[in-house]
file data.txt (compact mmCIF, C-alpha atoms)
# COMPACT_ATOMS: atom_id res chain seq x y z
CA MET A 145 35.53 202.67 89.38
CA THR A 146 37.64 205.78 89.79
CA PRO A 147 38.49 206.24 93.51
CA LEU A 148 37.32 209.43 95.19
CA THR A 149 39.30 211.41 97.73
CA LEU A 150 36.91 211.72 100.66
CA THR A 151 37.39 212.42 104.35
CA ASP A 152 35.69 210.24 106.95
CA ASP A 153 33.42 213.18 107.81
CA GLU A 154 32.33 213.36 104.16
CA ARG A 155 31.76 209.58 104.07
CA TRP A 156 29.65 209.83 107.21
CA ARG A 157 27.48 212.59 105.73
CA ILE A 158 27.05 210.54 102.54
CA ALA A 159 26.00 207.50 104.59
CA LEU A 160 23.49 209.59 106.58
CA ASP A 161 22.06 210.93 103.30
CA LYS A 162 22.02 207.37 101.85
CA ASP A 163 23.46 208.73 98.61
CA ARG A 164 23.49 205.79 96.20
CA ARG A 165 25.83 207.60 93.80
CA PHE A 166 28.71 206.73 96.14
CA ASP A 167 27.94 203.00 96.23
CA GLY A 168 31.11 201.20 95.19
CA HIS A 169 33.39 204.06 96.25
CA PHE A 170 33.63 202.96 99.87
CA ILE A 171 32.13 200.58 102.42
CA THR A 172 30.54 201.48 105.77
CA GLY A 173 31.53 199.05 108.50
CA VAL A 174 29.36 198.87 111.62
CA HIS A 175 31.45 197.22 114.31
CA SER A 176 28.67 197.06 116.91
CA THR A 177 26.75 194.64 114.65
CA GLY A 178 29.69 193.15 112.76
CA ILE A 179 28.31 193.95 109.31
CA TYR A 180 29.34 196.16 106.41
CA CYS A 181 27.01 198.08 104.10
CA ARG A 182 26.75 200.22 101.01
CA PRO A 183 26.63 204.01 101.67
CA SER A 184 22.98 203.92 100.50
CA CYS A 185 21.87 201.09 102.82
CA PRO A 186 18.26 201.83 103.90
CA ALA A 187 18.82 200.47 107.40
CA ARG A 188 18.61 202.77 110.41
CA PRO A 189 21.83 204.82 110.78
CA PRO A 190 24.24 203.42 113.39
CA LYS A 191 26.01 205.49 116.02
CA ARG A 192 29.02 207.31 114.61
CA GLU A 193 31.42 205.84 117.16
CA ASN A 194 30.61 202.33 115.92
CA VAL A 195 31.41 203.08 112.28
CA ARG A 196 34.65 202.58 110.34
CA PHE A 197 35.04 203.10 106.59
CA TYR A 198 36.74 200.70 104.19
CA ALA A 199 37.84 200.92 100.57
CA SER A 200 36.39 197.56 99.55
CA CYS A 201 34.34 194.56 100.64
CA ALA A 202 37.54 192.53 100.92
CA GLU A 203 39.05 195.08 103.30
CA ALA A 204 35.90 195.08 105.45
CA GLU A 205 35.85 191.27 105.57
CA ALA A 206 39.53 191.23 106.53
CA ALA A 207 38.50 193.36 109.53
CA GLY A 208 36.07 190.62 110.58
CA LEU A 209 32.85 192.05 109.16
CA ARG A 210 30.18 190.24 107.13
CA PRO A 211 28.00 191.68 104.32
CA CYS A 212 24.61 193.22 105.12
CA LYS A 213 21.77 191.03 103.85
CA ARG A 214 19.58 194.06 103.23
CA CYS A 215 21.78 196.09 100.85
CA ALA A 216 24.05 193.19 99.70
CA PRO A 217 27.21 195.28 99.23
CA ASN A 218 29.14 192.27 97.93
CA ARG A 219 26.74 191.74 95.02
CA GLN A 220 26.30 193.94 91.96
CA SER A 221 22.82 194.30 90.48
CA ASN A 222 22.16 194.18 86.76
CA GLU A 223 21.24 197.87 86.85
CA GLU A 224 24.49 198.82 88.59
CA ALA A 225 26.47 196.81 86.07
CA ALA A 226 24.67 198.57 83.21
CA VAL A 227 25.43 202.05 84.59
CA LEU A 228 29.08 201.15 85.19
CA ALA A 229 29.35 199.77 81.65
CA ALA A 230 27.88 203.00 80.27
CA ILE A 231 30.26 205.13 82.33
CA ASP A 232 33.18 203.09 81.05
CA GLU A 233 31.93 203.55 77.48
CA ILE A 234 31.61 207.32 77.96
CA ARG A 235 35.04 207.63 79.55
CA HIS A 236 36.80 205.70 76.80
CA ALA A 237 34.90 206.98 73.75
CA ALA A 238 37.43 208.13 71.16
CA ASP A 239 35.21 210.37 69.02
CA GLY A 240 32.76 212.25 71.19
CA ALA A 241 30.28 210.83 73.69
CA PRO A 242 28.12 207.85 72.69
CA THR A 243 24.46 208.65 72.11
CA LEU A 244 21.70 207.55 74.47
CA ASP A 245 20.53 205.02 71.87
CA GLU A 246 24.04 203.56 71.65
CA LEU A 247 24.32 203.24 75.43
CA ALA A 248 20.87 201.67 75.67
CA ARG A 249 21.79 199.14 72.99
CA ILE A 250 25.04 198.26 74.80
CA THR A 251 23.30 197.75 78.15
CA GLY A 252 20.14 196.07 76.86
CA TYR A 253 17.61 198.65 78.11
CA SER A 254 15.25 200.95 76.26
CA PRO A 255 16.63 204.50 75.85
CA ALA A 256 13.94 206.06 78.07
CA HIS A 257 14.38 203.50 80.86
CA PHE A 258 18.18 203.69 80.75
CA GLN A 259 18.07 207.49 80.88
CA ARG A 260 16.05 207.26 84.13
CA LEU A 261 18.30 204.52 85.49
CA PHE A 262 21.51 206.43 84.79
CA LYS A 263 20.18 209.68 86.22
CA ARG A 264 18.90 207.96 89.36
CA SER A 265 22.32 206.42 89.92
CA THR A 266 24.56 209.40 89.10
CA GLY A 267 22.31 212.46 89.43
CA LEU A 268 23.02 213.35 85.78
CA SER A 269 21.83 212.25 82.36
CA PRO A 270 24.42 210.40 80.21
CA ALA A 271 24.88 213.53 78.07
CA ALA A 272 25.35 215.77 81.13
CA TYR A 273 27.78 213.24 82.62
CA ALA A 274 29.83 213.31 79.40
CA ARG A 275 29.88 217.13 79.43
CA ALA A 276 30.95 217.21 83.07
CA LEU A 277 33.68 214.65 82.34
CA ARG A 278 35.03 216.73 79.47
CA GLY A 279 35.07 219.84 81.66
CA GLU A 280 36.88 218.00 84.44
CA ARG A 281 39.47 216.62 82.03
CA ALA A 282 40.07 220.10 80.65
CA ARG A 283 40.61 221.52 84.14
CA GLU A 284 42.98 218.67 85.04
CA ALA A 285 44.98 219.25 81.87
CA LEU A 286 45.18 222.97 82.58
CA SER A 287 46.29 222.32 86.16
CA GLY A 288 49.01 220.08 84.74
CA GLY A 289 50.47 222.91 82.71
CA ALA A 290 48.91 222.37 79.28
CA SER A 291 47.93 225.40 77.26
CA VAL A 292 44.24 226.26 77.19
CA THR A 293 43.86 225.15 73.57
CA GLU A 294 45.73 221.88 74.16
CA ALA A 295 43.64 221.13 77.23
CA ILE A 296 40.38 221.82 75.39
CA TYR A 297 41.16 219.38 72.60
CA GLU A 298 42.66 216.80 74.96
CA ALA A 299 39.40 216.81 76.92
CA GLY A 300 37.37 215.96 73.83
CA TYR A 301 35.82 219.32 72.90
CA GLY A 302 35.35 219.76 69.17
CA ALA A 303 36.20 223.46 69.32
CA PRO A 304 37.31 226.00 71.94
CA SER A 305 33.91 227.71 71.74
CA ARG A 306 32.24 224.55 73.11
CA PHE A 307 34.44 224.67 76.22
CA TYR A 308 33.86 228.38 76.86
CA ASP A 309 30.10 228.04 76.35
CA GLY A 310 29.98 225.08 78.75
CA GLN A 311 31.96 226.82 81.48
CA ARG A 312 30.45 230.32 81.27
CA GLY A 313 29.05 231.24 84.67
CA LYS A 314 30.43 228.12 86.35
CA LEU A 315 34.16 228.55 86.81
CA GLY A 316 34.06 231.90 88.56
CA MET A 317 37.31 232.71 86.73
CA ALA A 318 38.32 233.06 83.11
CA PRO A 319 39.09 229.54 81.79
CA SER A 320 42.79 230.46 81.37
CA ALA A 321 43.01 231.08 85.13
CA TRP A 322 42.80 227.31 85.68
CA ALA A 323 46.24 226.92 84.10
CA HIS A 324 48.97 226.37 86.71
CA GLY A 325 46.61 226.19 89.68
CA GLY A 326 45.08 229.65 89.45
CA HIS A 327 47.97 231.53 87.87
CA GLY A 328 47.05 235.19 87.44
CA VAL A 329 44.29 235.18 90.07
CA THR A 330 44.57 237.25 93.26
CA ILE A 331 42.72 235.97 96.31
CA HIS A 332 42.48 238.17 99.40
CA TRP A 333 41.91 236.38 102.69
CA ALA A 334 41.69 236.75 106.44
CA VAL A 335 41.17 234.52 109.47
CA VAL A 336 39.04 236.41 111.97
CA PRO A 337 37.64 235.61 115.43
CA THR A 338 33.85 235.31 115.69
CA THR A 339 31.46 234.12 118.37
CA LEU A 340 31.29 230.84 116.42
CA GLY A 341 35.06 230.39 116.40
CA GLU A 342 37.80 231.39 113.98
CA MET A 343 36.49 231.96 110.47
CA LEU A 344 38.36 231.92 107.16
CA VAL A 345 37.06 234.34 104.53
CA ALA A 346 38.58 234.58 101.05
CA ALA A 347 37.51 236.47 97.94
CA THR A 348 38.53 237.09 94.35
CA ASP A 349 37.64 240.31 92.59
CA LYS A 350 34.27 238.71 91.77
CA GLY A 351 33.19 237.82 95.29
CA VAL A 352 33.60 235.50 98.28
CA CYS A 353 35.07 232.16 97.19
CA ARG A 354 35.56 230.54 100.61
CA LEU A 355 33.95 230.89 104.03
CA SER A 356 34.69 228.20 106.57
CA PHE A 357 35.37 227.65 110.25
CA ALA A 358 38.53 226.29 111.90
CA GLU A 359 40.54 226.49 108.66
CA GLY A 360 43.57 228.51 107.63
CA PRO A 361 45.07 229.82 104.38
CA GLU A 362 46.58 226.39 103.65
CA THR A 363 43.12 225.45 102.38
CA LEU A 364 43.45 228.11 99.70
CA ALA A 365 47.04 227.16 98.93
CA LYS A 366 45.91 223.60 98.14
CA ARG A 367 43.03 224.76 95.97
CA PHE A 368 44.97 227.42 94.04
CA PRO A 369 48.67 226.68 94.52
CA GLN A 370 49.74 229.26 91.92
CA ALA A 371 47.26 232.01 92.82
CA VAL A 372 48.48 235.16 94.52
CA LEU A 373 47.24 234.95 98.12
CA VAL A 374 47.12 238.33 99.84
CA GLU A 375 46.21 238.73 103.50
CA GLY A 376 43.81 241.63 103.95
CA GLY A 377 43.54 244.60 101.58
CA ALA A 378 41.56 247.85 101.62
CA ALA A 379 38.72 246.79 99.31
CA PHE A 380 38.61 243.33 100.89
CA GLU A 381 38.27 244.76 104.40
CA ALA A 382 34.93 246.37 103.50
CA LEU A 383 33.63 243.05 102.13
CA LEU A 384 35.00 241.21 105.16
CA ALA A 385 33.09 243.52 107.53
CA GLU A 386 29.83 242.67 105.73
CA VAL A 387 30.57 238.95 105.93
CA ILE A 388 31.32 239.10 109.65
CA ALA A 389 28.10 241.04 110.28
CA SER A 390 26.12 238.41 108.34
CA VAL A 391 27.50 235.69 110.63
CA GLU A 392 27.10 237.57 113.90
CA GLN A 393 23.65 238.99 113.09
CA PRO A 394 22.08 236.67 110.50
CA GLY A 395 19.65 238.26 108.11
CA ASP A 396 19.64 239.39 104.50
CA PHE A 397 23.04 238.80 102.88
CA ALA A 398 21.90 238.31 99.28
CA HIS A 399 23.78 241.48 98.30
CA ILE A 400 27.17 239.95 99.15
CA PRO A 401 28.75 238.76 95.87
CA LEU A 402 29.99 235.19 95.58
CA ASP A 403 32.56 233.51 93.36
CA VAL A 404 31.65 229.81 93.36
CA LYS A 405 31.52 227.03 90.83
CA GLY A 406 29.68 223.75 90.50
CA THR A 407 27.58 221.71 88.15
CA ALA A 408 24.39 223.30 86.85
CA PHE A 409 22.35 221.34 89.39
CA GLN A 410 24.66 222.21 92.29
CA GLU A 411 24.46 225.88 91.43
CA ALA A 412 20.66 225.63 91.22
CA CYS A 413 20.65 224.06 94.69
CA TRP A 414 22.90 226.79 96.06
CA GLN A 415 20.61 229.44 94.60
CA ALA A 416 17.63 227.70 96.19
CA LEU A 417 19.45 227.80 99.54
CA ARG A 418 20.06 231.53 99.13
CA GLU A 419 16.32 232.03 98.64
CA ILE A 420 15.29 230.42 101.96
CA PRO A 421 14.17 233.25 104.26
CA ALA A 422 16.14 233.68 107.47
CA GLY A 423 14.44 231.84 110.32
CA GLU A 424 13.09 229.10 108.05
CA THR A 425 14.35 225.66 107.02
CA ARG A 426 13.82 223.34 104.06
CA THR A 427 14.25 219.61 103.51
CA TYR A 428 16.56 218.09 100.92
CA ALA A 429 13.45 217.12 98.93
CA GLU A 430 12.28 220.73 98.87
CA ILE A 431 15.71 221.93 97.72
CA ALA A 432 15.75 219.32 94.94
CA ALA A 433 12.32 220.47 93.79
CA ALA A 434 13.33 224.14 93.88
CA ALA A 435 16.41 223.26 91.80
CA GLY A 436 14.17 221.74 89.13
CA ASN A 437 14.55 218.00 89.80
CA PRO A 438 12.24 216.75 92.59
CA LYS A 439 13.62 213.20 92.36
CA ALA A 440 17.26 214.24 92.87
CA VAL A 441 17.07 214.35 96.67
CA ARG A 442 20.41 212.62 97.19
CA ALA A 443 22.09 214.87 94.62
CA ALA A 444 20.72 217.86 96.55
CA GLY A 445 22.36 216.47 99.68
CA SER A 446 25.64 216.13 97.79
CA ALA A 447 25.36 219.73 96.55
CA ASN A 448 24.89 220.79 100.15
CA ALA A 449 28.08 218.97 101.14
CA ARG A 450 30.03 220.60 98.27
CA ASN A 451 29.19 224.12 99.39
CA ASN A 452 32.41 226.13 99.81
CA VAL A 453 30.81 229.26 101.25
CA ALA A 454 29.20 228.54 104.62
CA VAL A 455 26.47 230.84 105.95
CA LEU A 456 26.29 232.96 102.77
CA ILE A 457 25.07 229.86 100.97
CA PRO A 458 23.03 228.77 103.99
CA CYS A 459 23.25 224.99 103.88
CA HIS A 460 22.66 225.10 107.64
CA ARG A 461 18.99 225.81 106.81
CA VAL A 462 18.50 222.29 105.40
CA VAL A 463 17.06 219.60 107.67
CA ARG A 464 15.94 216.05 107.10
CA THR A 465 12.35 215.08 106.45
CA GLY A 466 10.70 214.71 109.85
CA GLY A 467 12.62 217.58 111.40
CA ASN A 468 15.92 215.86 112.24
CA ILE A 469 18.57 218.58 112.17
CA GLY A 470 20.92 216.46 110.04
CA GLY A 471 24.66 216.99 109.72
CA TYR A 472 26.88 220.00 109.17
CA ALA A 473 30.47 220.26 107.93
CA TYR A 474 31.53 222.47 110.85
CA GLY A 475 29.68 220.69 113.62
CA LEU A 476 26.11 220.63 114.87
CA ALA A 477 26.82 223.22 117.57
CA ILE A 478 27.46 225.89 114.92
CA LYS A 479 24.45 224.78 112.87
CA ARG A 480 22.13 224.96 115.86
CA GLU A 481 23.47 228.37 116.87
CA LEU A 482 23.01 229.81 113.36
CA LEU A 483 19.44 228.52 113.26
CA ARG A 484 18.77 229.88 116.75
CA ARG A 485 20.08 233.32 115.83
CA GLU A 486 18.05 233.44 112.63
CA ALA A 487 14.87 232.34 114.37
CA GLN A 488 15.44 234.96 117.07
CA SER A 489 16.08 237.73 114.56
CA GLU A 490 12.82 236.91 112.77
CA GLY A 491 10.80 236.41 115.93

call {"tool": "encode", "arguments": {"input": "data.txt", "output": "structure tokens"}}
result
Amino acid sequence: MTPLTLTDDERWRIALDKDRRFDGHFITGVHSTGIYCRPSCPARPPKRENVRFYASCAEAEAAGLRPCKRCAPNRQSNEEAAVLAAIDEIRHAADGAPTLDELARITGYSPAHFQRLFKRSTGLSPAAYARALRGERAREALSGGASVTEAIYEAGYGAPSRFYDGQRGKLGMAPSAWAHGGHGVTIHWAVVPTTLGEMLVAATDKGVCRLSFAEGPETLAKRFPQAVLVEGGAAFEALLAEVIASVEQPGDFAHIPLDVKGTAFQEACWQALREIPAGETRTYAEIAAAAGNPKAVRAAGSANARNNVAVLIPCHRVVRTGGNIGGYAYGLAIKRELLRREAQSEG
């Protein structure tokens, strides 16, 4: 399984959301009980101070932990093995993605059942997974310096038009802008004081591409190492003033343009978040339903975690079923204060 680069805060949010798509990518060790679990373990969440994260079962056992009997992290189910076999087949297919019938035949399931199984595990259908993989490979090739045409064919697209059609409305930039880490793109930015702490705001000519707290321009430099980063700017200052006002006095900010990218489902989730009225909250299940896939609750939680534009894509308005406030990338104090301000403004 391809390793993911995740912070401990991201692993903790995944474990709280019990997102089964990350099973196998890391292990949650609970040192107060001496056991280790899958990220999706259905057991009651432990206290954060008792948790350490490990790369593998062997690493967790070396730290003196034993496997959880409930989620059996040291055993692989037949269904998990089938999904991993299909992913391996998709990743190594030489001539286009294998069909659903071919994957079902390889794994020993009926096509309809395997489609449900794969989507439940990954949040995507096999065909959508293959498309996302091709897009990711193309972006990696472009970031490595390949020409756009070379990258498109290296990624497995049959023609350049297939790549452009698949990325339209998702990249937030022309596909050629991905070459050399954002070469040719100008991003204006500022770090400003707010009553919630220092806030980083950055925007392309299309809209806000980053809004975060307690971060500096180095975040942008890592994301777009070859982009032109400009502090301030006349046109940007007007947009910045609107963003600050939306944070200090929450209300209607749908008019503020955004420049974000994600999978089709992530973007649908972000749009659903934008449609939640100020002063109201929704559960992950309600966001998944609004995004068109009621069963993809964990994927909706992942989309929430991947949001790059805090407040303007109001992931702070999502709570867990039962009313638990849930987590927040920038701390629960900021989440609670945003919700308080919005409830007050609508009261």

call {"tool": "residues_near_point", "arguments": {"input": "data.txt", "point": "(19.7, 194.9, 106.8)", "cutoff": "10 Å", "atoms": "all atoms listed in the file", "output": "MDAnalysis selection string"}}
result
chainID A and resid 179:181 185:188 211:216

call {"tool": "write_last_selection", "arguments": {"input": "data.txt", "atoms": "C-alpha atoms", "output": "PDB file, in the coordinates of the input"}}
result
ATOM      1  CA  ILE A 179      28.310 193.950 109.310  1.00  0.00           C
ATOM      2  CA  TYR A 180      29.340 196.160 106.410  1.00  0.00           C
ATOM      3  CA  CYS A 181      27.010 198.080 104.100  1.00  0.00           C
ATOM      4  CA  CYS A 185      21.870 201.090 102.820  1.00  0.00           C
ATOM      5  CA  PRO A 186      18.260 201.830 103.900  1.00  0.00           C
ATOM      6  CA  ALA A 187      18.820 200.470 107.400  1.00  0.00           C
ATOM      7  CA  ARG A 188      18.610 202.770 110.410  1.00  0.00           C
ATOM      8  CA  PRO A 211      28.000 191.680 104.320  1.00  0.00           C
ATOM      9  CA  CYS A 212      24.610 193.220 105.120  1.00  0.00           C
ATOM     10  CA  LYS A 213      21.770 191.030 103.850  1.00  0.00           C
ATOM     11  CA  ARG A 214      19.580 194.060 103.230  1.00  0.00           C
ATOM     12  CA  CYS A 215      21.780 196.090 100.850  1.00  0.00           C
ATOM     13  CA  ALA A 216      24.050 193.190  99.700  1.00  0.00           C
TER      14      ALA A 216
END

call {"tool": "closest_residue", "arguments": {"input": "data.txt", "among": "A:Asp349, A:Asp163, A:Glu411, A:Glu342", "to": "Tyr474 (chain A)", "atoms": "all atoms listed in the file"}}
result
A:Glu342

call {"tool": "residues_near_point", "arguments": {"input": "data.txt", "point": "(10.7, 217.9, 102.2)", "cutoff": "10 Å", "atoms": "all atoms listed in the file", "output": "list in words"}}
result
Thr425, Arg426, Thr427, Tyr428, Ala429, Glu430, Ile431, Ala432, Ala433, Pro438, Val441, Val462, Val463, Arg464, Thr465, Gly466 and Gly467 of chain A

call {"tool": "write_last_selection", "arguments": {"input": "data.txt", "atoms": "C-alpha atoms", "output": "CSV table (one decimal), in the frame of the given file"}}
result
chain,number,residue,atom,x,y,z
A,425,THR,CA,14.4,225.7,107.0
A,426,ARG,CA,13.8,223.3,104.1
A,427,THR,CA,14.2,219.6,103.5
A,428,TYR,CA,16.6,218.1,100.9
A,429,ALA,CA,13.4,217.1,98.9
A,430,GLU,CA,12.3,220.7,98.9
A,431,ILE,CA,15.7,221.9,97.7
A,432,ALA,CA,15.8,219.3,94.9
A,433,ALA,CA,12.3,220.5,93.8
A,438,PRO,CA,12.2,216.8,92.6
A,441,VAL,CA,17.1,214.4,96.7
A,462,VAL,CA,18.5,222.3,105.4
A,463,VAL,CA,17.1,219.6,107.7
A,464,ARG,CA,15.9,216.0,107.1
A,465,THR,CA,12.4,215.1,106.4
A,466,GLY,CA,10.7,214.7,109.8
A,467,GLY,CA,12.6,217.6,111.4

call {"tool": "atom_distance", "arguments": {"input": "data.txt", "atom1": "CA of Ser265 (chain A)", "atom2": "CA of Gly471 (chain A)"}}
result
22.6 Å

call {"tool": "closest_residue", "arguments": {"input": "data.txt", "among": "A:Lys366, A:Arg260, A:Lys479, A:Lys191", "to": "Leu160 (chain A)", "atoms": "all atoms listed in the file"}}
result
A:Lys191

call {"tool": "residues_around", "arguments": {"input": "data.txt", "residues": "Gly377 (chain A)", "least_positions_apart": "6", "cutoff": "10 Å", "atoms": "all atoms listed in the file", "output": "list of chain:residue names"}}
result
A:His332, A:Trp333, A:Ala334, A:Leu384

call {"tool": "closest_residue", "arguments": {"input": "data.txt", "among": "A:Ile388, A:Ile171, A:Ala207, A:Ala226", "to": "Pro337 (chain A)", "atoms": "only C-alpha atoms"}}
result
A:Ile388

call {"tool": "closest_residue", "arguments": {"input": "data.txt", "among": "A:Gly475, A:Gly423, A:Gly406, A:Pro270", "to": "Ser446 (chain A)", "atoms": "only C-alpha atoms"}}
result
A:Gly406

call {"tool": "closest_residue", "arguments": {"input": "data.txt", "among": "A:Arg155, A:Arg278, A:Arg219, A:His257", "to": "His236 (chain A)", "atoms": "all atoms listed in the file"}}
result
A:Arg278

call {"tool": "closest_residue", "arguments": {"input": "data.txt", "among": "A:Glu233, A:Lys263, A:Arg418, A:Ser221", "to": "Arg249 (chain A)", "atoms": "all atoms listed in the file"}}
result
A:Glu233

call {"tool": "residues_around", "arguments": {"input": "data.txt", "residues": "Phe166 (chain A)", "least_positions_apart": "5", "cutoff": "9 Å", "atoms": "all atoms listed in the file", "output": "PyMOL selection string"}}
result
chain A and resi 155+158-159+182-184+265-266
